[in-house]
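> See protein17.tsv below, with TSV, C-alpha atoms.
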chain	number	residue	atom	x	y	z
A	1439	MET	CA	-22.49	99.58	195.66
A	1440	LYS	CA	-25.93	101.18	196.04
A	1441	LEU	CA	-24.49	104.53	195.10
A	1442	PHE	CA	-22.93	103.01	191.98
A	1443	ARG	CA	-26.29	101.51	190.92
A	1444	LYS	CA	-28.09	104.80	191.47
A	1445	LEU	CA	-25.43	106.66	189.53
A	1446	LEU	CA	-25.67	104.11	186.71
A	1447	VAL	CA	-29.47	104.46	186.58
A	1448	VAL	CA	-29.18	108.27	186.48
A	1449	ILE	CA	-26.61	108.09	183.68
A	1450	ILE	CA	-28.78	105.68	181.68
A	1451	LEU	CA	-31.88	107.85	182.13
A	1452	PHE	CA	-29.96	111.00	181.23
A	1453	THR	CA	-28.55	109.34	178.10
A	1454	ALA	CA	-31.97	108.05	177.07
A	1455	PHE	CA	-33.53	111.48	177.61
A	1456	ASN	CA	-30.84	113.17	175.52
A	1457	THR	CA	-31.23	110.57	172.79
A	1458	ILE	CA	-34.97	111.18	172.64
A	1459	GLN	CA	-34.49	114.94	172.53
A	1460	ALA	CA	-31.85	114.67	169.81
A	1461	GLN	CA	-34.25	112.99	167.39
A	1462	LYS	CA	-35.24	115.38	164.65
A	1463	ILE	CA	-38.82	115.82	163.62
A	1464	GLY	CA	-39.94	116.92	160.17
A	1465	HIS	CA	-43.16	117.49	158.31
A	1466	ILE	CA	-44.36	117.50	154.74
A	1467	ASP	CA	-47.60	118.39	153.00
A	1468	SER	CA	-48.19	115.14	151.12
A	1469	GLU	CA	-51.05	116.55	149.07
A	1470	LEU	CA	-48.95	119.46	147.87
A	1471	LEU	CA	-46.11	117.09	147.03
A	1472	LEU	CA	-48.34	114.73	145.06
A	1473	THR	CA	-50.08	117.50	143.14
A	1474	SER	CA	-46.73	119.03	142.17
A	1475	MET	CA	-45.37	115.78	140.74
A	1476	PRO	CA	-45.45	115.58	136.91
A	1477	GLU	CA	-46.54	111.95	137.17
A	1478	THR	CA	-49.72	113.07	138.92
A	1479	LYS	CA	-50.48	115.55	136.18
A	1480	ALA	CA	-49.94	112.85	133.54
A	1481	MET	CA	-52.18	110.50	135.53
A	1482	GLU	CA	-54.94	113.13	135.67
A	1483	ASN	CA	-54.70	113.64	131.89
A	1484	GLU	CA	-54.96	109.90	131.29
A	1485	LEU	CA	-57.91	109.60	133.67
A	1486	GLN	CA	-59.68	112.47	131.89
A	1487	LYS	CA	-59.28	110.69	128.55
A	1488	VAL	CA	-60.67	107.44	129.96
A	1489	GLN	CA	-63.49	109.34	131.68
A	1490	GLN	CA	-64.35	111.05	128.40
A	1491	THR	CA	-64.46	107.68	126.63
A	1492	TYR	CA	-66.89	106.34	129.23
A	1493	ALA	CA	-68.97	109.52	129.08
A	1494	ASP	CA	-69.17	109.38	125.28
A	1495	GLU	CA	-70.28	105.74	125.35
A	1496	TYR	CA	-72.83	106.49	128.07
A	1497	ASN	CA	-74.22	109.46	126.13
A	1498	GLU	CA	-74.50	107.33	122.97
A	1499	GLN	CA	-76.48	104.72	124.87
A	1500	VAL	CA	-78.75	107.35	126.44
A	1501	THR	CA	-79.36	109.02	123.08
A	1502	ALA	CA	-80.19	105.66	121.49
A	1503	ILE	CA	-82.67	104.74	124.24
A	1504	GLN	CA	-84.28	108.19	124.06
A	1505	ALA	CA	-84.76	107.81	120.31
A	1506	LYS	CA	-86.22	104.34	120.81
A	1507	VAL	CA	-88.60	105.56	123.54
A	1508	LYS	CA	-89.74	108.44	121.35
A	1509	LYS	CA	-90.35	106.08	118.43
A	1510	TYR	CA	-92.24	103.62	120.60
A	1511	GLU	CA	-94.36	106.41	122.10
A	1512	THR	CA	-95.41	107.68	118.66
A	1513	GLU	CA	-96.18	104.14	117.47
A	1514	ALA	CA	-97.92	103.07	120.69
A	1515	PRO	CA	-101.47	103.98	119.60
A	1516	THR	CA	-101.13	101.78	116.49
A	1517	GLN	CA	-99.68	98.78	118.34
A	1518	THR	CA	-101.37	96.08	120.36
A	1519	ASP	CA	-101.23	96.08	124.15
A	1520	VAL	CA	-99.03	92.98	124.03
A	1521	LYS	CA	-96.58	94.67	121.64
A	1522	ASN	CA	-96.52	97.86	123.76
A	1523	GLU	CA	-95.80	95.78	126.88
A	1524	GLU	CA	-92.94	94.00	125.07
A	1525	ARG	CA	-91.50	97.36	124.07
A	1526	ARG	CA	-91.84	98.70	127.64
A	1527	LEU	CA	-89.99	95.65	128.95
A	1528	GLU	CA	-87.31	96.09	126.28
A	1529	VAL	CA	-86.83	99.76	127.24
A	1530	ASP	CA	-86.68	98.83	130.95
A	1531	GLY	CA	-83.99	96.23	130.18
A	1532	ILE	CA	-81.95	98.71	128.16
A	1533	GLN	CA	-82.24	101.31	130.93
A	1534	ARG	CA	-80.96	98.76	133.48
A	1535	LYS	CA	-78.03	97.98	131.17
A	1536	ILE	CA	-77.22	101.69	130.90
A	1537	GLN	CA	-77.36	102.08	134.69
A	1538	LYS	CA	-75.12	99.03	135.11
A	1539	TYR	CA	-72.70	100.46	132.55
A	1540	ALA	CA	-72.52	103.75	134.47
A	1541	SER	CA	-71.89	101.91	137.73
A	1542	THR	CA	-69.25	99.64	136.18
A	1543	ALA	CA	-67.55	102.61	134.51
A	1544	SER	CA	-67.39	104.42	137.84
A	1545	GLU	CA	-65.87	101.38	139.55
A	1546	GLU	CA	-63.35	100.93	136.75
A	1547	MET	CA	-62.37	104.61	136.98
A	1548	GLN	CA	-61.76	104.27	140.72
A	1549	LYS	CA	-59.67	101.13	140.16
A	1550	LYS	CA	-57.68	102.78	137.37
A	1551	ARG	CA	-57.06	105.85	139.54
A	1552	PHE	CA	-55.82	103.63	142.37
A	1553	ASP	CA	-53.60	101.60	140.01
A	1554	LEU	CA	-52.09	104.75	138.48
A	1555	LEU	CA	-51.69	106.56	141.81
A	1556	LYS	CA	-50.04	103.69	143.68
A	1557	PRO	CA	-46.58	103.94	142.00
A	1558	ILE	CA	-46.67	107.74	142.31
A	1559	VAL	CA	-47.36	107.53	146.05
A	1560	GLU	CA	-44.64	104.89	146.44
A	1561	LYS	CA	-42.14	107.13	144.61
A	1562	ALA	CA	-43.09	110.09	146.85
A	1563	GLN	CA	-42.82	107.97	150.00
A	1564	LYS	CA	-39.39	106.70	148.97
A	1565	ALA	CA	-38.20	110.25	148.31
A	1566	VAL	CA	-39.51	111.38	151.71
A	1567	LYS	CA	-37.78	108.46	153.43
A	1568	ASP	CA	-34.52	109.16	151.57
A	1569	VAL	CA	-34.56	112.87	152.41
A	1570	ALA	CA	-35.46	112.13	156.03
A	1571	ALA	CA	-32.55	109.71	156.27
A	1572	GLU	CA	-30.18	112.24	154.66
A	1573	LYS	CA	-31.24	114.95	157.10
A	1574	GLY	CA	-31.33	112.67	160.13
A	1575	VAL	CA	-35.07	113.15	160.61
A	1576	VAL	CA	-36.55	110.31	162.63
A	1577	TYR	CA	-40.24	111.27	162.54
A	1578	VAL	CA	-42.03	112.82	159.58
A	1579	PHE	CA	-45.57	114.10	160.04
A	1580	ASP	CA	-48.01	114.86	157.27
A	1581	SER	CA	-49.00	118.52	157.48
A	1582	ALA	CA	-51.64	118.34	154.73
A	1583	PRO	CA	-55.00	119.77	155.80
A	1584	GLY	CA	-57.20	117.20	157.48
A	1585	LYS	CA	-54.36	114.80	158.28
A	1586	GLY	CA	-54.64	115.41	162.02
A	1587	LEU	CA	-51.40	117.32	162.55
A	1588	ILE	CA	-52.15	120.54	164.37
A	1589	VAL	CA	-48.74	122.10	165.11
A	1590	PHE	CA	-45.94	121.62	162.62
A	1591	ASP	CA	-43.91	124.80	162.76
A	1592	GLN	CA	-41.30	123.28	165.11
A	1593	GLY	CA	-40.12	120.53	162.80
A	1594	GLU	CA	-38.22	120.79	159.57
A	1595	ASP	CA	-40.31	121.14	156.40
A	1596	LEU	CA	-39.04	118.44	154.06
A	1597	LEU	CA	-41.15	119.47	151.05
A	1598	PRO	CA	-38.48	121.62	149.34
A	1599	ALA	CA	-35.82	118.93	149.72
A	1600	VAL	CA	-38.14	116.14	148.55
A	1601	LYS	CA	-39.24	118.20	145.54
A	1602	ALA	CA	-35.58	118.85	144.71
A	1603	LYS	CA	-34.82	115.13	145.02
A	1604	LEU	CA	-37.67	114.39	142.60
A	1605	GLY	CA	-36.58	117.19	140.24
A	1606	ILE	CA	-39.75	119.24	140.76
A	1607	GLN	CA	-39.56	123.03	140.62
Starting from the file, give its structure as structure tokens.


Amino acid sequence: MKLFRKLLVVIILFTAFNTIQAQKIGHIDSELLLTSMPETKAMENELQKVQQTYADEYNEQVTAIQAKVKKYETEAPTQTDVKNEERRLEVDGIQRKIQKYASTASEEMQKKRFDLLKPIVEKAQKAVKDVAAEKGVVYVFDSAPGKGLIVFDQGEDLLPAVKAKLGIQ
């Protein structure tokens, strides 16, 4: 009976070891995949348009405040100290508004980028999962620079198959 138990344990361990070794490993450069997707290019174009709108508005506000400051500086000698102080406070308030606008615009750009990028990333992840399932790959590592994967030449590169699945050349 002891021999049977030992034999059973050996068979179980051998089967488990073979199962672990049989699992395929793949890798993909997620950054390369995302940058090659047409949706990402369209997103970048849209973000550039929005960024330009914010920049134009910001520049208009800066130009207006510069003109006002120049006007106030030329009129300062003919105005009372009280009036000059009011104008200084007005300019300070406008400058704070412009700084707040720049900060808000930056935050809105980050949020818009995240909102636009999220469905693109989800589409890429789904394609990677589908290709991995089709090829029997159990583990997929990200081989993009800085992602922490050091050696990836032993696994299967899924990028060509994922790009084909997404219709990317």

> One decimal, in Å: what's the spacing between CA of Tyr1539 (chain A) and CA of Glu1484 (chain A)?

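Calculated distance between CA of Tyr1539 (chain A) and CA of Glu1484 (chain A) is 20.1 Å.
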
> For each of A:Ala1602, A:Ala1570, A:Leu1596, A:Met1481, take the minimum atom-to-atom distance to Asp1467 (chain A), counting only C-alpha atoms, then give the residue where this is smallest.

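Among A:Ala1602, A:Ala1570, A:Leu1596, A:Met1481, it is A:Leu1596 that comes nearest to Asp1467 (chain A).
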
> From the options A:Ala1514, A:Leu1485, A:Ala1502, A:Val1529, which residue's atoms come nearest to Leu1554 (chain A), counting all atoms listed in the file?

A:Leu1485

> Could you work out how far CA of Leu1470 (chain A) lies from CA of Leu1597 (chain A), giving the answer in Å with one decimal?

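Atom-to-atom, CA of Leu1597 (chain A) to CA of Leu1470 (chain A), that is 8.4 Å.
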
> With all atoms listed in the file as the atoms that count, which of A:Lys1462, A:Tyr1496, A:Gly1574, A:Thr1501 lies nearest to Lys1538 (chain A)?

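Once distances to Lys1538 (chain A) are computed over all atoms listed in the file, the minimum belongs to A:Tyr1496.
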
> Mind giving me the straight-line distance from CA of Asp1519 (chain A) to CA of Lys1506 (chain A) in Å, one decimal?

17.5 Å

> Tell me which protein, DNA and RNA residues are within 12 Å of Met1475 (chain A), counting all atoms listed in the file, leaving out same-chain ones fewer than 6 positions away, and put them as an MDAnalysis selection string.

chainID A and resid 1468:1469 1481:1482 1555 1557:1559 1561:1562 1565 1597 1600:1607

> Find the residue from A:Val1500, A:Ala1493, A:Ile1532, A:Val1569 that sits nearest to Met1547 (chain A); use only C-alpha atoms when measuring.

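Closest candidate: A:Ala1493.
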
> Using all atoms listed in the file, which residue out of A:Glu1594, A:Lys1585, A:Asp1580, A:Asn1497 lies closest to Ile1466 (chain A)?

A:Asp1580

> Using all atoms listed in the file, find the one residue out of A:Lys1567, A:Asp1530, A:Tyr1492, A:Phe1579 that sits nearest to Thr1542 (chain A).

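Going through A:Lys1567, A:Asp1530, A:Tyr1492, A:Phe1579 one by one, the smallest distance to Thr1542 (chain A) is for A:Tyr1492.
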